[in-house]
Amino acid sequence: MKLHLIAAARPNFMKIAPLYHELQQDPLFDVKIIHTGQHYDKNMSDTFFTEFKLPAPHHNLGIGGGTQAEQVGYTMIAYEKVCISERPDLVIVVGDVNATVACSITAKKLHIPVAHLEAGIRSFDISMPEEINRMLTDRIADYFWTPSADADTNLLNEGISPQKITMVGNIMIDTLEMMRSRIETAHTVSRFHLAQKQYAVCTFHRPSNVDSRSTLEKLLRTLVKVSETTPLIFPIHPRTKKNIATFALDNIIANSAITLTEPLGYSDFMHLVFNAKFILTDSGGIQEETTYLGIPCLTVRNSTERPITIWEGTNALVSVDHIVDHVYQIEHQQFKKGKVPDLWDGNTAHRIATILRNIQTSDKQK
Ligand code: UD1
């Protein structure tokens, strides 16, 4: 069974790694990794291939950055050539980045079936590029592998046949468990002169938080305020770094208790998360990792496509104006305790391998 695993941007590399290693164990599967090249800096891409012991991508489409349309368009043009020459039996796309939708459309138009891992999640905020990518991918995919029951409900509401949907659990938890010993033995906390459970981690890169000068300025001023009681470590995404420089906002954080660093590798970053008092973020995946670990997470967004982390976990959506109040609650042990959602257990890749064997068997019988 010839499989293409599509990866483009940082959060994708975490999602394909446990799946690649699981599928490699069975000679039934011939797995190729296609890297579209959307993320290209060493610390946004190569580091993860090394850490997760992934082989070099079998194809690197080298599309680089650019506008949304450029990324989607160039990915489609380049991936079509690969699809035509290799004719995979199934294309597996993950998450919600531009390549997820671009490669899905390309494969489907060549009559190659598509499986979407992390299908069905919705923020219902169509101003987010990721929500558009999720909706369009789920319009045309053939197999829907979901992380939680709310995603199944969303797909059923959109008219997807229940036979095509399988709740497989959260693949990011497989990655975390696969890497646990590396995470626990990292020395990131001491390297940054932090003390366990005495600091918070922040990450911000969503256009809604960092693309407008006034919004970014207000956010940075609030982070400085938080850092007066809890030191912050801020591994900074290229988009955010670029915008801080463009808007000349560097002086706000200079001399504060905020440590800025380049984006970190997975084990280093997760070591900081494991030992943090709380997290401030606009990321998708970090909402899930903190819920699994029982660490308070304040997500600075109006909506989340991962509501289960709020209903069951330790995540809360907050506006910039309310960050300081929520930090007070955390500092005074008034923040909620969570539980781990069903099937977030480190066995998602194994479930997917079983599904693929069943697909292969039923295809043969046809
Ligand atoms: C993308 C994903 C987002 C994901 C995020 C994680 C989409 C629509 N968005 O957003 O869902 O949460 O990745 O990181 O696919 N850049 C570099 N070096 C790099 C990568 C990017 O300098 O290695 C620059 C780009 O040229 C661009 C900016 O950073 O100017 C933003 O990159 P882009 O790929 O457009 O989207 P992200 O904000 O990273």
# chains A, B, ... in the order shown; residues from 1 in each chain; ligands from 1
$ residues_around --residues "Gln196 (chain A)" --least-positions-apart "2" --cutoff "12 Å" --atoms "only C-alpha atoms" --output "MDAnalysis selection string"
chainID A and resid 187:194 198:201 230:231 271:278
$ residues_near_ligand --ligand "ligand 1" --cutoff "8 Å" --atoms "only C-alpha atoms and all ligand atoms" --output "ChimeraX atom specification"
/A:8-11,38-45,64-68,95-99,129-130,133,205-207,237-240,242,283-284
$ write_last_selection --atoms "C-alpha atoms" --output "PDB file, in the first residue's frame"
ATOM      1  CA  ALA A   8       4.501  21.378   5.701  1.00  0.00           C
ATOM      2  CA  ALA A   9       4.776  23.345   8.887  1.00  0.00           C
ATOM      3  CA  ARG A  10       6.065  22.843  12.413  1.00  0.00           C
ATOM      4  CA  PRO A  11       2.974  21.258  13.995  1.00  0.00           C
ATOM      5  CA  GLN A  38       6.240  25.905   3.916  1.00  0.00           C
ATOM      6  CA  HIS A  39       8.443  26.012   7.029  1.00  0.00           C
ATOM      7  CA  TYR A  40      12.076  26.040   6.018  1.00  0.00           C
ATOM      8  CA  ASP A  41      14.211  27.517   8.821  1.00  0.00           C
ATOM      9  CA  LYS A  42      16.394  24.948  10.562  1.00  0.00           C
ATOM     10  CA  ASN A  43      14.620  25.509  13.862  1.00  0.00           C
ATOM     11  CA  MET A  44      11.132  25.401  12.313  1.00  0.00           C
ATOM     12  CA  SER A  45      11.762  22.219  10.315  1.00  0.00           C
ATOM     13  CA  GLY A  64       8.859  28.372   1.039  1.00  0.00           C
ATOM     14  CA  GLY A  65       6.868  31.281   2.455  1.00  0.00           C
ATOM     15  CA  GLY A  66       4.560  33.632   0.613  1.00  0.00           C
ATOM     16  CA  THR A  67       0.933  34.660   0.632  1.00  0.00           C
ATOM     17  CA  GLN A  68      -1.789  32.091   1.327  1.00  0.00           C
ATOM     18  CA  GLY A  95      -4.014  19.219  10.730  1.00  0.00           C
ATOM     19  CA  ASP A  96      -5.088  22.438   9.078  1.00  0.00           C
ATOM     20  CA  VAL A  97      -2.199  24.184   7.344  1.00  0.00           C
ATOM     21  CA  ASN A  98      -2.158  25.402   3.746  1.00  0.00           C
ATOM     22  CA  ALA A  99      -0.625  22.145   2.500  1.00  0.00           C
ATOM     23  CA  PRO A 129      -7.063  30.566   7.512  1.00  0.00           C
ATOM     24  CA  GLU A 130      -6.865  27.233   9.364  1.00  0.00           C
ATOM     25  CA  ASN A 133      -8.369  24.712   5.392  1.00  0.00           C
ATOM     26  CA  HIS A 205       1.949  33.703  16.165  1.00  0.00           C
ATOM     27  CA  ARG A 206      -1.708  33.902  15.010  1.00  0.00           C
ATOM     28  CA  PRO A 207      -2.370  36.726  12.548  1.00  0.00           C
ATOM     29  CA  HIS A 237       7.863  32.453  15.964  1.00  0.00           C
ATOM     30  CA  PRO A 238       9.335  34.072  12.785  1.00  0.00           C
ATOM     31  CA  ARG A 239       6.046  35.837  11.994  1.00  0.00           C
ATOM     32  CA  THR A 240       5.950  37.451  15.448  1.00  0.00           C
ATOM     33  CA  LYS A 242       9.310  39.993  12.060  1.00  0.00           C
ATOM     34  CA  SER A 283      -1.342  27.772  19.469  1.00  0.00           C
ATOM     35  CA  GLY A 284      -3.628  24.849  18.688  1.00  0.00           C
TER      36      GLY A 284
END
$ atom_distance --atom1 "CA of Asp26 (chain A)" --atom2 "CA of Ile171 (chain A)"
18.8 Å
$ closest_residue --among "A:Leu19, A:Leu223, A:Leu343, A:Leu356" --to "Ala254 (chain A)" --atoms "only C-alpha atoms"
A:Leu223
$ select_by_dssp --residues "region 137-359 of chain A" --states "strand (DSSP E or B)" --output "ChimeraX atom specification"
/A:143-146,165-167,200-203,232-235,258-261,278-281,297-299,315-317
$ select_by_dssp --residues "region 133-268 of chain A" --states "helix (DSSP H, G or I)" --output "number ranges by chain"
A: 133-140, 149-157, 162-164, 171-178, 180-184, 188-191, 207-210, 213-227, 238-246, 250-253, 266-268
$ closest_residue --among "A:Glu305, A:Glu289, A:Asp30, A:Asp282" --to "Glu177 (chain A)" --atoms "only C-alpha atoms"
A:Glu289
$ atom_distance --atom1 "CA of His326 (chain A)" --atom2 "CA of Thr203 (chain A)"
16.9 Å
$ closest_residue --among "A:Leu232, A:Ile183, A:Ala17, A:Val101" --to "Leu260 (chain A)" --atoms "only C-alpha atoms"
A:Leu232
$ closest_residue --among "A:His21, A:Lys218, A:Lys81, A:Arg134" --to "Pro55 (chain A)" --atoms "only C-alpha atoms"
A:His21
$ closest_residue --among "A:Met270, A:Ile310, A:Ile173, A:Ala195" --to "Asp345 (chain A)" --atoms "only C-alpha atoms"
A:Ile173
$ residues_around --residues "Gln163 (chain A)" --least-positions-apart "2" --cutoff "12 Å" --atoms "only C-alpha atoms" --output "ChimeraX atom specification"
/A:142-145,152,155-156,159-161,165-167
$ write_last_selection --atoms "N, CA, C and O atoms" --output "mmCIF file, in the first residue's frame"
data_model
loop_
_atom_site.group_PDB
_atom_site.id
_atom_site.type_symbol
_atom_site.label_atom_id
_atom_site.label_comp_id
_atom_site.auth_asym_id
_atom_site.auth_seq_id
_atom_site.Cartn_x
_atom_site.Cartn_y
_atom_site.Cartn_z
ATOM 1 N N ASP A 142 -11.791 11.234 2.071
ATOM 2 C CA ASP A 142 -12.485 9.937 2.016
ATOM 3 C C ASP A 142 -12.538 9.265 3.380
ATOM 4 O O ASP A 142 -13.468 8.527 3.678
ATOM 5 N N TYR A 143 -11.511 9.485 4.191
ATOM 6 C CA TYR A 143 -11.445 8.889 5.529
ATOM 7 C C TYR A 143 -11.211 10.003 6.529
ATOM 8 O O TYR A 143 -10.343 10.858 6.322
ATOM 9 N N PHE A 144 -11.965 9.969 7.615
ATOM 10 C CA PHE A 144 -11.924 11.042 8.612
ATOM 11 C C PHE A 144 -11.484 10.453 9.942
ATOM 12 O O PHE A 144 -12.225 9.668 10.542
ATOM 13 N N TRP A 145 -10.299 10.806 10.382
ATOM 14 C CA TRP A 145 -9.764 10.283 11.654
ATOM 15 C C TRP A 145 -9.772 11.422 12.664
ATOM 16 O O TRP A 145 -9.035 12.413 12.521
ATOM 17 N N ASP A 152 -16.457 14.306 15.659
ATOM 18 C CA ASP A 152 -17.381 13.389 14.980
ATOM 19 C C ASP A 152 -18.726 14.089 14.762
ATOM 20 O O ASP A 152 -19.315 14.025 13.677
ATOM 21 N N LEU A 155 -18.669 16.601 11.940
ATOM 22 C CA LEU A 155 -18.663 15.974 10.609
ATOM 23 C C LEU A 155 -20.053 15.436 10.271
ATOM 24 O O LEU A 155 -20.535 15.602 9.138
ATOM 25 N N LEU A 156 -20.702 14.818 11.244
ATOM 26 C CA LEU A 156 -22.055 14.292 10.986
ATOM 27 C C LEU A 156 -22.992 15.441 10.629
ATOM 28 O O LEU A 156 -23.806 15.331 9.705
ATOM 29 N N GLY A 159 -22.888 16.382 7.141
ATOM 30 C CA GLY A 159 -23.380 15.400 6.177
ATOM 31 C C GLY A 159 -22.404 14.296 5.820
ATOM 32 O O GLY A 159 -22.618 13.557 4.854
ATOM 33 N N ILE A 160 -21.329 14.172 6.577
ATOM 34 C CA ILE A 160 -20.374 13.088 6.295
ATOM 35 C C ILE A 160 -20.960 11.773 6.803
ATOM 36 O O ILE A 160 -21.506 11.706 7.910
ATOM 37 N N SER A 161 -20.806 10.732 5.981
ATOM 38 C CA SER A 161 -21.369 9.433 6.368
ATOM 39 C C SER A 161 -20.618 8.865 7.577
ATOM 40 O O SER A 161 -19.383 8.880 7.615
ATOM 41 N N ILE A 165 -16.081 7.897 9.347
ATOM 42 C CA ILE A 165 -15.489 8.616 10.491
ATOM 43 C C ILE A 165 -15.019 7.616 11.544
ATOM 44 O O ILE A 165 -15.769 6.721 11.935
ATOM 45 N N THR A 166 -13.780 7.765 11.994
ATOM 46 C CA THR A 166 -13.315 6.955 13.126
ATOM 47 C C THR A 166 -12.628 7.859 14.127
ATOM 48 O O THR A 166 -11.722 8.634 13.764
ATOM 49 N N MET A 167 -13.061 7.777 15.385
ATOM 50 C CA MET A 167 -12.360 8.523 16.431
ATOM 51 C C MET A 167 -11.114 7.722 16.793
ATOM 52 O O MET A 167 -11.206 6.614 17.295
#
$ residues_around --residues "Thr246 (chain A)" --least-positions-apart "6" --cutoff "12 Å" --atoms "only C-alpha atoms" --output "PyMOL selection string"
chain A and resi 210-213+216-217+239-240
$ closest_atom_pairs --of "region 174-212 of chain A" --to "region 346-350 of chain A" --cutoff "9 Å" --atoms "only C-alpha atoms" --output "JSON lines"
{"residue": "A:Asp174", "atom": "CA", "partner": "A:Gly346", "partner_atom": "CA", "distance": 3.8}
{"residue": "A:Thr175", "atom": "CA", "partner": "A:Gly346", "partner_atom": "CA", "distance": 7.4}
{"residue": "A:Leu176", "atom": "CA", "partner": "A:Gly346", "partner_atom": "CA", "distance": 7.8}
{"residue": "A:Glu177", "atom": "CA", "partner": "A:Gly346", "partner_atom": "CA", "distance": 6.1}
{"residue": "A:Met178", "atom": "CA", "partner": "A:Gly346", "partner_atom": "CA", "distance": 7.9}
$ decode --residues "region 163-186 of chain A" --atoms "N, CA, C and O atoms" --output "PDB file, in the first residue's frame"
ATOM      1  N   GLN A 163     -19.904   5.965   8.417  1.00  0.00           N
ATOM      2  CA  GLN A 163     -18.966   4.870   8.092  1.00  0.00           C
ATOM      3  C   GLN A 163     -17.560   5.390   7.794  1.00  0.00           C
ATOM      4  O   GLN A 163     -16.591   4.647   7.884  1.00  0.00           O
ATOM      5  N   LYS A 164     -17.489   6.657   7.387  1.00  0.00           N
ATOM      6  CA  LYS A 164     -16.170   7.192   7.001  1.00  0.00           C
ATOM      7  C   LYS A 164     -15.407   7.804   8.184  1.00  0.00           C
ATOM      8  O   LYS A 164     -14.268   8.221   8.037  1.00  0.00           O
ATOM      9  N   ILE A 165     -16.081   7.897   9.347  1.00  0.00           N
ATOM     10  CA  ILE A 165     -15.489   8.616  10.491  1.00  0.00           C
ATOM     11  C   ILE A 165     -15.019   7.616  11.544  1.00  0.00           C
ATOM     12  O   ILE A 165     -15.769   6.721  11.935  1.00  0.00           O
ATOM     13  N   THR A 166     -13.780   7.765  11.994  1.00  0.00           N
ATOM     14  CA  THR A 166     -13.315   6.955  13.126  1.00  0.00           C
ATOM     15  C   THR A 166     -12.628   7.859  14.127  1.00  0.00           C
ATOM     16  O   THR A 166     -11.722   8.634  13.764  1.00  0.00           O
ATOM     17  N   MET A 167     -13.061   7.777  15.385  1.00  0.00           N
ATOM     18  CA  MET A 167     -12.360   8.523  16.431  1.00  0.00           C
ATOM     19  C   MET A 167     -11.114   7.722  16.793  1.00  0.00           C
ATOM     20  O   MET A 167     -11.206   6.614  17.295  1.00  0.00           O
ATOM     21  N   VAL A 168      -9.959   8.286  16.466  1.00  0.00           N
ATOM     22  CA  VAL A 168      -8.697   7.558  16.674  1.00  0.00           C
ATOM     23  C   VAL A 168      -7.924   8.107  17.866  1.00  0.00           C
ATOM     24  O   VAL A 168      -6.925   7.518  18.289  1.00  0.00           O
ATOM     25  N   GLY A 169      -8.357   9.250  18.415  1.00  0.00           N
ATOM     26  CA  GLY A 169      -7.625   9.872  19.524  1.00  0.00           C
ATOM     27  C   GLY A 169      -6.653  10.920  19.013  1.00  0.00           C
ATOM     28  O   GLY A 169      -6.669  11.283  17.840  1.00  0.00           O
ATOM     29  N   ASN A 170      -5.818  11.376  19.931  1.00  0.00           N
ATOM     30  CA  ASN A 170      -4.971  12.538  19.635  1.00  0.00           C
ATOM     31  C   ASN A 170      -3.531  12.113  19.344  1.00  0.00           C
ATOM     32  O   ASN A 170      -2.803  11.688  20.228  1.00  0.00           O
ATOM     33  N   ILE A 171      -3.126  12.293  18.112  1.00  0.00           N
ATOM     34  CA  ILE A 171      -1.797  11.843  17.671  1.00  0.00           C
ATOM     35  C   ILE A 171      -0.671  12.600  18.392  1.00  0.00           C
ATOM     36  O   ILE A 171       0.428  12.058  18.597  1.00  0.00           O
ATOM     37  N   MET A 172      -0.942  13.850  18.802  1.00  0.00           N
ATOM     38  CA  MET A 172       0.102  14.632  19.500  1.00  0.00           C
ATOM     39  C   MET A 172       0.482  13.987  20.836  1.00  0.00           C
ATOM     40  O   MET A 172       1.591  14.190  21.339  1.00  0.00           O
ATOM     41  N   ILE A 173      -0.449  13.228  21.400  1.00  0.00           N
ATOM     42  CA  ILE A 173      -0.146  12.561  22.681  1.00  0.00           C
ATOM     43  C   ILE A 173       0.761  11.357  22.424  1.00  0.00           C
ATOM     44  O   ILE A 173       1.617  11.018  23.253  1.00  0.00           O
ATOM     45  N   ASP A 174       0.599  10.715  21.256  1.00  0.00           N
ATOM     46  CA  ASP A 174       1.555   9.661  20.866  1.00  0.00           C
ATOM     47  C   ASP A 174       2.969  10.247  20.824  1.00  0.00           C
ATOM     48  O   ASP A 174       3.931   9.636  21.299  1.00  0.00           O
ATOM     49  N   THR A 175       3.079  11.427  20.202  1.00  0.00           N
ATOM     50  CA  THR A 175       4.396  12.063  20.066  1.00  0.00           C
ATOM     51  C   THR A 175       4.985  12.350  21.434  1.00  0.00           C
ATOM     52  O   THR A 175       6.160  12.063  21.699  1.00  0.00           O
ATOM     53  N   LEU A 176       4.143  12.905  22.308  1.00  0.00           N
ATOM     54  CA  LEU A 176       4.620  13.260  23.648  1.00  0.00           C
ATOM     55  C   LEU A 176       5.120  12.008  24.384  1.00  0.00           C
ATOM     56  O   LEU A 176       6.197  12.016  24.992  1.00  0.00           O
ATOM     57  N   GLU A 177       4.353  10.925  24.294  1.00  0.00           N
ATOM     58  CA  GLU A 177       4.766   9.694  24.991  1.00  0.00           C
ATOM     59  C   GLU A 177       6.012   9.082  24.337  1.00  0.00           C
ATOM     60  O   GLU A 177       6.877   8.558  25.027  1.00  0.00           O
ATOM     61  N   MET A 178       6.080   9.176  23.004  1.00  0.00           N
ATOM     62  CA  MET A 178       7.247   8.655  22.291  1.00  0.00           C
ATOM     63  C   MET A 178       8.524   9.394  22.741  1.00  0.00           C
ATOM     64  O   MET A 178       9.604   8.825  22.808  1.00  0.00           O
ATOM     65  N   MET A 179       8.369  10.667  23.077  1.00  0.00           N
ATOM     66  CA  MET A 179       9.524  11.513  23.392  1.00  0.00           C
ATOM     67  C   MET A 179       9.694  11.757  24.898  1.00  0.00           C
ATOM     68  O   MET A 179      10.579  12.522  25.298  1.00  0.00           O
ATOM     69  N   ARG A 180       8.850  11.124  25.739  1.00  0.00           N
ATOM     70  CA  ARG A 180       8.810  11.477  27.166  1.00  0.00           C
ATOM     71  C   ARG A 180      10.188  11.437  27.833  1.00  0.00           C
ATOM     72  O   ARG A 180      10.574  12.369  28.539  1.00  0.00           O
ATOM     73  N   SER A 181      10.961  10.378  27.597  1.00  0.00           N
ATOM     74  CA  SER A 181      12.226  10.296  28.347  1.00  0.00           C
ATOM     75  C   SER A 181      13.187  11.405  27.899  1.00  0.00           C
ATOM     76  O   SER A 181      13.889  11.993  28.713  1.00  0.00           O
ATOM     77  N   ARG A 182      13.168  11.731  26.600  1.00  0.00           N
ATOM     78  CA  ARG A 182      14.009  12.836  26.114  1.00  0.00           C
ATOM     79  C   ARG A 182      13.558  14.168  26.742  1.00  0.00           C
ATOM     80  O   ARG A 182      14.380  15.013  27.095  1.00  0.00           O
ATOM     81  N   ILE A 183      12.245  14.333  26.855  1.00  0.00           N
ATOM     82  CA  ILE A 183      11.709  15.583  27.433  1.00  0.00           C
ATOM     83  C   ILE A 183      12.130  15.688  28.898  1.00  0.00           C
ATOM     84  O   ILE A 183      12.622  16.718  29.354  1.00  0.00           O
ATOM     85  N   GLU A 184      11.944  14.572  29.621  1.00  0.00           N
ATOM     86  CA  GLU A 184      12.186  14.634  31.067  1.00  0.00           C
ATOM     87  C   GLU A 184      13.662  14.820  31.407  1.00  0.00           C
ATOM     88  O   GLU A 184      13.986  15.359  32.456  1.00  0.00           O
ATOM     89  N   THR A 185      14.532  14.385  30.503  1.00  0.00           N
ATOM     90  CA  THR A 185      15.962  14.507  30.814  1.00  0.00           C
ATOM     91  C   THR A 185      16.619  15.741  30.160  1.00  0.00           C
ATOM     92  O   THR A 185      17.823  15.920  30.260  1.00  0.00           O
ATOM     93  N   ALA A 186      15.827  16.542  29.489  1.00  0.00           N
ATOM     94  CA  ALA A 186      16.390  17.790  28.915  1.00  0.00           C
ATOM     95  C   ALA A 186      16.753  18.752  30.060  1.00  0.00           C
ATOM     96  O   ALA A 186      16.313  18.563  31.200  1.00  0.00           O
TER      97      ALA A 186
END
